[in-house]
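Chemist: Sharing protein.txt (compact mmCIF, C-alpha atoms) below.
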# COMPACT_ATOMS: atom_id res chain seq x y z
CA MET S 638 3.50 -7.12 22.19
CA ASP S 639 5.59 -4.32 23.70
CA ALA S 640 5.18 -0.61 23.04
CA GLN S 641 7.97 -0.43 20.46
CA LEU S 642 6.56 -3.30 18.41
CA PHE S 643 3.10 -1.71 18.60
CA LEU S 644 4.52 1.56 17.24
CA LEU S 645 6.21 -0.32 14.40
CA CYS S 646 2.92 -2.07 13.60
CA VAL S 647 1.14 1.30 13.51
CA LEU S 648 3.75 2.73 11.13
CA THR S 649 3.49 -0.36 8.91
CA PHE S 650 -0.30 -0.03 8.93
CA VAL S 651 -0.12 3.64 7.86
CA ILE S 652 2.35 2.91 5.06
CA HIS S 653 0.28 0.12 3.53
CA LEU S 654 -3.07 1.82 4.10
CA ILE S 655 -1.98 4.83 2.06
CA GLY S 656 -0.73 2.52 -0.67
CA ALA S 657 -4.11 0.75 -0.75
CA LEU S 658 -6.00 4.05 -0.95
CA ALA S 659 -4.17 4.89 -4.18
CA TYR S 660 -6.81 2.84 -6.00
CA ALA S 661 -9.54 5.16 -4.71
CA VAL S 662 -7.65 8.10 -6.23
CA ARG S 663 -8.09 6.63 -9.70
CA ILE S 664 -11.84 6.31 -9.21
CA ALA S 665 -12.08 9.89 -7.94
CA GLY S 666 -10.00 11.09 -10.90
CA VAL S 667 -12.32 9.35 -13.35
CA ARG S 668 -15.45 10.70 -11.68
CA THR S 669 -14.18 14.27 -11.58
CA ARG S 670 -12.29 14.05 -14.91
CA ARG S 671 -9.32 15.55 -13.02
CA ILE S 672 -6.73 12.76 -13.11
CA ALA S 673 -3.62 14.90 -12.64
CA MET S 674 -5.17 16.96 -9.85
CA SER S 675 -6.30 13.82 -8.03
CA PHE S 676 -2.78 12.41 -8.01
CA ALA S 677 -1.33 15.76 -6.98
CA LEU S 678 -3.52 15.75 -3.87
CA PHE S 679 -2.68 12.13 -3.18
CA ASN S 680 0.99 13.10 -3.02
CA VAL S 681 0.17 14.83 0.28
CA LEU S 682 -0.68 11.43 1.74
CA VAL S 683 2.40 9.92 0.13
CA LEU S 684 4.52 12.36 2.14
CA LEU S 685 2.95 11.00 5.31
CA SER S 686 3.64 7.45 4.16
CA ARG S 687 7.29 8.23 3.45
CA ALA S 688 7.68 9.94 6.81
CA SER S 689 6.29 6.81 8.51
CA ASN S 690 8.68 4.66 6.48
CA ALA S 691 11.63 6.86 7.47
CA PHE S 692 10.83 6.33 11.15
CA GLN S 693 10.12 2.61 10.76
CA GLY S 694 13.54 1.69 9.37
CA PRO S 695 15.72 2.97 12.23
CA PHE S 696 13.31 1.70 14.90
CA LEU S 697 13.23 -1.76 13.36
CA SER S 698 17.01 -1.89 12.88
CA LYS S 699 17.57 -0.82 16.49
CA ARG S 700 15.18 -3.53 17.68
CA ILE S 701 17.12 -6.18 15.77
CA GLU S 702 20.46 -4.95 17.10
CA THR S 703 19.13 -4.93 20.67
CA GLU S 704 17.73 -8.46 20.46
CA LEU S 705 20.95 -9.75 18.88
CA LEU S 706 23.00 -8.27 21.73
CA ALA S 707 20.57 -9.64 24.32
CA GLY S 708 20.53 -13.08 22.72
CA THR S 709 16.75 -13.01 22.22
CA GLY S 710 16.80 -12.97 18.43
CA GLN S 711 14.48 -15.98 18.31
CA ASN S 712 11.63 -13.53 18.91
CA LEU S 713 12.31 -11.66 15.67
CA LEU S 714 10.33 -14.07 13.49
CA ALA S 715 7.22 -13.42 15.57
CA ASP S 716 7.90 -9.67 15.39
CA PHE S 717 8.05 -9.75 11.60
CA GLN S 718 4.87 -11.83 11.45
CA TRP S 719 3.09 -9.16 13.52
CA LEU S 720 4.40 -6.45 11.19
CA MET S 721 3.25 -8.25 8.06
CA ALA S 722 -0.09 -9.00 9.67
CA SER S 723 -0.40 -5.23 10.13
CA ALA S 724 0.33 -4.80 6.42
CA SER S 725 -2.38 -7.33 5.51
CA LEU S 726 -4.87 -5.64 7.83
CA ALA S 727 -4.06 -2.25 6.29
CA ALA S 728 -4.54 -3.61 2.76
CA LEU S 729 -7.89 -5.13 3.76
CA VAL S 730 -9.06 -1.95 5.50
CA GLY S 731 -7.91 0.07 2.49
CA ALA S 732 -9.93 -2.14 0.13
CA LEU S 733 -13.04 -1.75 2.32
CA MET S 734 -12.45 2.01 2.49
CA ILE S 735 -12.43 2.49 -1.29
CA PRO S 736 -16.07 3.75 -1.41
CA THR S 737 -15.38 6.16 1.45
CA ALA S 738 -11.99 7.28 0.14
CA GLN S 739 -13.21 7.95 -3.39
CA ARG S 740 -15.98 10.19 -2.00
CA LEU S 741 -13.45 12.08 0.11
CA PHE S 742 -11.00 12.48 -2.77
CA THR S 743 -13.81 13.64 -5.06
CA ARG S 744 -14.78 16.32 -2.53
CA ALA S 745 -11.13 17.29 -2.03
CA VAL S 746 -10.59 17.71 -5.78
CA ALA S 747 -13.67 19.94 -6.04
CA HIS S 748 -12.48 22.05 -3.08
CA PHE S 749 -8.94 22.33 -4.43
CA GLN S 750 -10.21 23.35 -7.85
CA VAL S 751 -11.90 26.36 -6.25
CA HIS S 752 -9.32 27.44 -3.67
CA ARG S 753 -6.14 26.03 -5.33
CA SER S 754 -4.30 25.76 -2.03
CA VAL S 755 -3.19 22.62 -0.20
CA PRO S 756 -2.94 24.42 3.21
CA LYS S 757 -6.53 25.69 2.82
CA LEU S 758 -7.63 22.18 1.87
CA LEU S 759 -6.00 20.72 4.99
CA MET S 760 -7.55 23.41 7.18
CA HIS S 761 -10.95 22.66 5.67
CA ALA S 762 -10.45 18.91 6.22
CA PHE S 763 -9.89 19.37 9.96
CA ALA S 764 -12.55 22.05 10.37
CA LYS S 765 -16.04 21.24 11.59
CA GLY S 766 -17.48 21.14 8.08
CA GLY S 767 -14.74 18.84 6.79
CA LEU S 768 -15.04 16.40 9.68
CA SER S 769 -18.82 16.24 9.27
CA TYR S 770 -18.35 15.40 5.60
CA VAL S 771 -15.96 12.60 6.54
CA ARG S 772 -18.64 11.19 8.83
CA ASP S 773 -21.27 11.42 6.10
CA ALA S 774 -18.97 9.89 3.46
CA VAL S 775 -18.30 6.68 5.40
CA ALA S 776 -19.69 3.74 3.45
CA LEU S 777 -18.90 0.06 3.05
CA PRO S 778 -18.97 -1.74 -0.32
CA SER S 779 -22.57 -2.49 -1.23
CA PRO S 780 -23.74 -6.10 -1.76
CA GLY S 781 -24.58 -5.22 -5.35
CA HIS S 782 -21.01 -4.17 -6.05
CA LEU S 783 -19.67 -7.33 -4.44
CA LYS S 784 -21.92 -9.50 -6.62
CA SER S 785 -20.77 -7.64 -9.73
CA LEU S 786 -17.19 -8.78 -9.09
CA LYS S 787 -18.14 -12.08 -10.73
CA GLN S 788 -18.48 -10.29 -14.05
CA LYS S 789 -15.59 -10.20 -16.50
CA ILE S 790 -13.11 -7.34 -16.18
CA ASP S 791 -11.04 -5.77 -18.97
CA VAL S 792 -7.73 -6.61 -17.28
CA PRO S 793 -5.89 -9.87 -18.09
CA ALA S 794 -5.75 -12.38 -15.24
CA ARG S 795 -1.95 -12.50 -15.53
CA VAL S 796 -1.78 -8.82 -14.56
CA ILE S 797 -3.74 -9.51 -11.38
CA VAL S 798 -1.44 -12.45 -10.57
CA LEU S 799 1.63 -10.30 -11.23
CA ASN S 800 0.23 -7.67 -8.88
CA VAL S 801 -0.08 -10.30 -6.14
CA LEU S 802 3.58 -11.22 -6.65
CA ALA S 803 4.75 -7.60 -6.80
CA GLN S 804 2.89 -6.64 -3.63
CA ALA S 805 4.29 -9.70 -1.87
CA LEU S 806 7.85 -8.73 -2.82
CA LEU S 807 7.33 -5.11 -1.76
CA THR S 808 5.95 -6.24 1.59
CA VAL S 809 8.58 -8.84 2.35
CA GLY S 810 11.63 -7.11 0.86
CA VAL S 811 12.85 -5.05 3.81
CA PHE S 812 11.69 -7.55 6.43
CA ALA S 813 13.40 -10.50 4.73
CA SER S 814 16.67 -8.57 4.41
CA LEU S 815 16.62 -7.56 8.07
CA TYR S 816 15.75 -11.11 9.17
CA ALA S 817 18.56 -12.41 6.96
CA GLY S 818 20.91 -10.17 8.95
CA TYR S 819 19.83 -12.05 12.07
CA LEU S 820 20.26 -15.46 10.41
CA ASP S 821 23.83 -14.59 9.43
CA PRO S 822 25.09 -11.55 11.40
CA GLN S 823 28.47 -11.75 9.63
CA PHE S 824 26.82 -10.47 6.43
CA ARG S 825 24.21 -8.28 8.13
CA VAL S 826 25.08 -5.06 6.29
CA THR S 827 25.18 -6.82 2.90
CA ALA S 828 21.85 -8.51 3.59
CA VAL S 829 20.17 -5.21 4.47
CA SER S 830 21.47 -3.57 1.31
CA LEU S 831 19.97 -6.39 -0.77
CA SER S 832 16.46 -5.22 0.14
CA SER S 833 16.78 -2.71 -2.69
CA VAL S 834 17.22 -5.62 -5.12
CA ILE S 835 13.96 -7.24 -4.01
CA ASN S 836 12.10 -3.94 -4.05
CA GLY S 837 13.65 -3.14 -7.43
CA VAL S 838 12.24 -6.32 -8.99
CA ALA S 839 8.81 -5.53 -7.52
CA THR S 840 9.00 -1.94 -8.76
CA ILE S 841 9.86 -3.10 -12.28
CA LEU S 842 6.83 -5.42 -12.24
CA LEU S 843 4.60 -2.58 -11.05
CA PHE S 844 5.74 0.14 -13.45
CA VAL S 845 6.41 -2.00 -16.54
CA LEU S 846 3.68 -4.65 -16.50
CA ILE S 847 0.97 -3.71 -13.98
CA ASP S 848 0.49 0.05 -13.73
CA PRO S 849 0.33 0.56 -17.53
CA ALA S 850 -2.62 -1.85 -17.75
CA LEU S 851 -4.58 0.13 -15.16
CA SER S 852 -3.51 3.45 -16.70
CA ILE S 853 -4.70 2.37 -20.15
CA MET S 854 -8.02 1.34 -18.66
CA THR S 855 -8.27 4.75 -16.96
CA ASP S 856 -7.79 6.45 -20.34
CA ASP S 857 -10.38 4.12 -21.88
CA VAL S 858 -12.91 5.23 -19.27
CA MET S 859 -12.17 8.88 -20.05
CA ASP S 860 -12.68 8.15 -23.76
CA GLY S 861 -15.93 6.26 -23.14
CA ARG S 862 -14.65 2.88 -24.30
CA VAL S 863 -14.97 1.36 -20.81
CA SER S 864 -17.80 2.03 -18.37
CA GLU S 865 -17.16 3.40 -14.88
CA PRO S 866 -18.75 0.32 -13.18
CA ALA S 867 -16.36 -1.92 -15.12
CA PHE S 868 -13.45 0.28 -14.08
CA ARG S 869 -14.51 0.12 -10.41
CA ARG S 870 -14.68 -3.68 -10.63
CA ALA S 871 -11.13 -3.76 -11.98
CA VAL S 872 -9.93 -1.45 -9.21
CA VAL S 873 -11.51 -3.71 -6.58
CA TRP S 874 -9.73 -6.70 -8.12
CA PHE S 875 -6.43 -4.84 -7.91
CA ALA S 876 -7.14 -3.93 -4.28
CA GLY S 877 -7.98 -7.55 -3.50
CA SER S 878 -4.78 -8.74 -5.15
CA ARG S 879 -2.88 -6.34 -2.90
CA VAL S 880 -4.41 -8.03 0.14
CA ALA S 881 -3.48 -11.43 -1.27
CA GLY S 882 0.07 -10.22 -1.88
CA THR S 883 0.57 -9.15 1.73
CA VAL S 884 -0.71 -12.54 2.90
CA LEU S 885 1.65 -14.32 0.49
CA ALA S 886 4.50 -12.23 1.91
CA GLN S 887 4.10 -13.93 5.27
CA LEU S 888 4.69 -17.31 3.61
CA LEU S 889 7.71 -15.95 1.74
CA LEU S 890 9.48 -14.39 4.72
CA VAL S 891 11.70 -17.31 5.76
CA PRO S 892 12.45 -18.56 2.20
CA ALA S 893 13.22 -15.01 1.08
CA ALA S 894 15.47 -14.38 4.09
CA THR S 895 17.29 -17.65 3.41
CA GLY S 896 17.75 -16.64 -0.23
CA VAL S 897 19.12 -13.23 0.81
CA VAL S 898 21.64 -14.95 3.11
CA MET S 899 22.82 -17.21 0.28
CA LEU S 900 23.14 -14.26 -2.09
CA ALA S 901 25.00 -12.20 0.51
CA ARG S 902 27.54 -14.99 0.91
CA VAL S 903 28.09 -15.33 -2.82
CA ILE S 904 28.53 -11.73 -3.94
As structure tokens, please, write out the structure in this file.

Modeler:
Amino acid sequence: MDAQLFLLCVLTFVIHLIGALAYAVRIAGVRTRRIAMSFALFNVLVLLSRASNAFQGPFLSKRIETELLAGTGQNLLADFQWLMASASLAALVGALMIPTAQRLFTRAVAHFQVHRSVPKLLMHAFAKGGLSYVRDAVALPSPGHLKSLKQKIDVPARVIVLNVLAQALLTVGVFASLYAGYLDPQFRVTAVSLSSVINGVATILLFVLIDPALSIMTDDVMDGRVSEPAFRRAVVWFAGSRVAGTVLAQLLLVPAATGVVMLARVI
């Protein structure tokens, strides 16, 4: 692995780690009863994710162009597998960090409620007191919580399966389109533009069928109809399905790239 590929893997890791930590925001919002404020603070991390994504695209495109010109494009499949492995690792780390992240978000919400300033919150986070709290907040999922995952959750199994599919499409969308450009350079620009189609399908699944189910459950917790332990179990299942989706994306890379090539030739 060269330095450029390592940088791309780091950017991919950051993007998917922040996405995985979104589940911890919901738990923190429920515990503090400050749902809107929790998501407002999470948007700060989203900015970092989008910045990483903005850098990743040009770097990855340049790498493909360079390898095509050098005639070493056969290495691209391995490159994409490394990138998606980074996404899977980030999703797994994010799932394991949920107990830590929800403690940190809970503390951040309490601090923001008092000072009402994002710059002050960031300064506090990197100050000595903030860093010591991060160290104290580190915790792995307890065995008791892992055993409780066997209990029934108030989310239909089809929603969990759809989340696996949606996360797989979101992970593979850009990579499959770029790899399709290598498979058929004549339609490289068309193939790259088709990534928005794949991501669009995944986004529709997320916002129409998946996110509403978790949002309704969040409201049920606030109203007392669902217990917080049951809500945490559901969140862990969603986080686990995200990991499964990134793993499935690795299996879908070549078929998806082939499908993008066929579609690019037809339209």

Chemist: Give me, please, the distance in Å between CA of Leu885 in chain S and CA of Ile797 in chain S, quoted to one decimal.

Modeler: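 We find that CA of Leu885 in chain S and CA of Ile797 in chain S lie 13.9 Å from each other.
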
Chemist: Which of these, S:Ala817, S:Ile904, S:Leu645, S:Ile655, has the shortest distance to Ala728 in chain S once you count only C-alpha atoms?

Modeler: S:Ile655

Chemist: Rank nothing, just name the residue among S:Phe650, S:Thr737, S:Ala745, S:Gln718 nearest to Ser675 in chain S, using all atoms listed in the file.

Modeler: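 Using all atoms listed in the file, Ser675 in chain S sits closest to S:Ala745.
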
Chemist: Select, from S:Ala661, S:Ala640, S:Asp857, S:Val746, the residue with the minimum atom-to-atom distance to Phe696 in chain S, counting all atoms listed in the file.

Modeler: S:Ala640

Chemist: Check the smallest atom-to-atom distance from each of S:Ala659, S:Ala894, S:Leu806, S:Leu842 to Asn680 in chain S using all atoms listed in the file, then report the winner.

Modeler: S:Ala659

Chemist: Any idea what's packed within 8 Å of Ala657 in chain S, counting only C-alpha atoms, ignoring anything in its chain fewer than 3 positions away? Could you give it as a list in words?

Modeler: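 Non-adjacent residues within range: His653, Leu654, Tyr660, Ala727, Ala728, Gly731, Ala732, Ala876 and Arg879 of chain S.
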
Chemist: Between CA of Leu733 in chain S and CA of Ala881 in chain S, what is the distance in Å, rounded to a tenth?

Modeler: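 It comes out at 14.1 Å.
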
Chemist: Just how far from CA of Thr883 in chain S is CA of Leu831 in chain S, in Å to one decimal?

Modeler: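 Atom-to-atom, CA of Leu831 in chain S to CA of Thr883 in chain S, that is 19.8 Å.
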
Chemist: Which residues, written as a list in words, have at least one atom at most 9 Å from Leu890 in chain S, with only C-alpha atoms counted and residues fewer than 3 positions away on the same chain left out?

Modeler: Leu714, Phe717, Gln718, Val809, Gly810, Phe812, Ala813, Tyr816, Leu885, Ala886, Gln887, Ala893, Ala894 and Thr895 of chain S

Chemist: What lies within 9 Å of Leu720 in chain S using all atoms listed in the file, ignoring chain neighbours under 5 positions off, as a list in words?

Modeler: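 Within the cut-off, the hits are Leu642, Phe643, Leu645, Cys646, Val647, Thr649, Phe650, Ala715, Ser725 and Phe812 of chain S.
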
Chemist: Skip Phe868 in chain S itself and residues of its chain fewer than 4 positions away, then list as a PDB file with C-alpha atoms, in the coordinates of the input all residues within 8 Å of it, counting only C-alpha atoms.

Modeler:
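Dumped to around_14.pdb:
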ATOM      1  CA  ILE S 664     -11.840   6.310  -9.210  1.00  0.00           C
ATOM      2  CA  ILE S 790     -13.110  -7.340 -16.180  1.00  0.00           C
ATOM      3  CA  MET S 854      -8.020   1.340 -18.660  1.00  0.00           C
ATOM      4  CA  THR S 855      -8.270   4.750 -16.960  1.00  0.00           C
ATOM      5  CA  VAL S 858     -12.910   5.230 -19.270  1.00  0.00           C
ATOM      6  CA  VAL S 863     -14.970   1.360 -20.810  1.00  0.00           C
ATOM      7  CA  SER S 864     -17.800   2.030 -18.370  1.00  0.00           C
ATOM      8  CA  VAL S 872      -9.930  -1.450  -9.210  1.00  0.00           C
TER       9      VAL S 872
END

Chemist: Find the spatial neighbours of Arg668 in chain S, counting all atoms listed in the file, within a cut-off of 10 Å - ignore same-chain residues fewer than 2 positions away - and output them as a list in words.

Modeler: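 Near Arg668 in chain S, the qualifying residues are Val662, Arg663, Ile664, Ala665, Gly666, Arg670, Arg671, Ile672, Gln739, Arg740, Thr743, Val858, Met859 and Glu865 of chain S.
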
Chemist: Measuring between all atoms listed in the file, which one of S:Val798, S:Leu846, S:Met721, S:Leu815 shows the shortest distance to Leu697 in chain S?

Modeler: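 The answer is S:Leu815, which sits nearest to Leu697 in chain S.
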
Chemist: Go through S:Val873, S:Val891, S:Ile847, S:Leu678 and flag the residue nearest Leu729 in chain S, using all atoms listed in the file for the distances.

Modeler: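 Closest residue, counting all atoms listed in the file: S:Val873.
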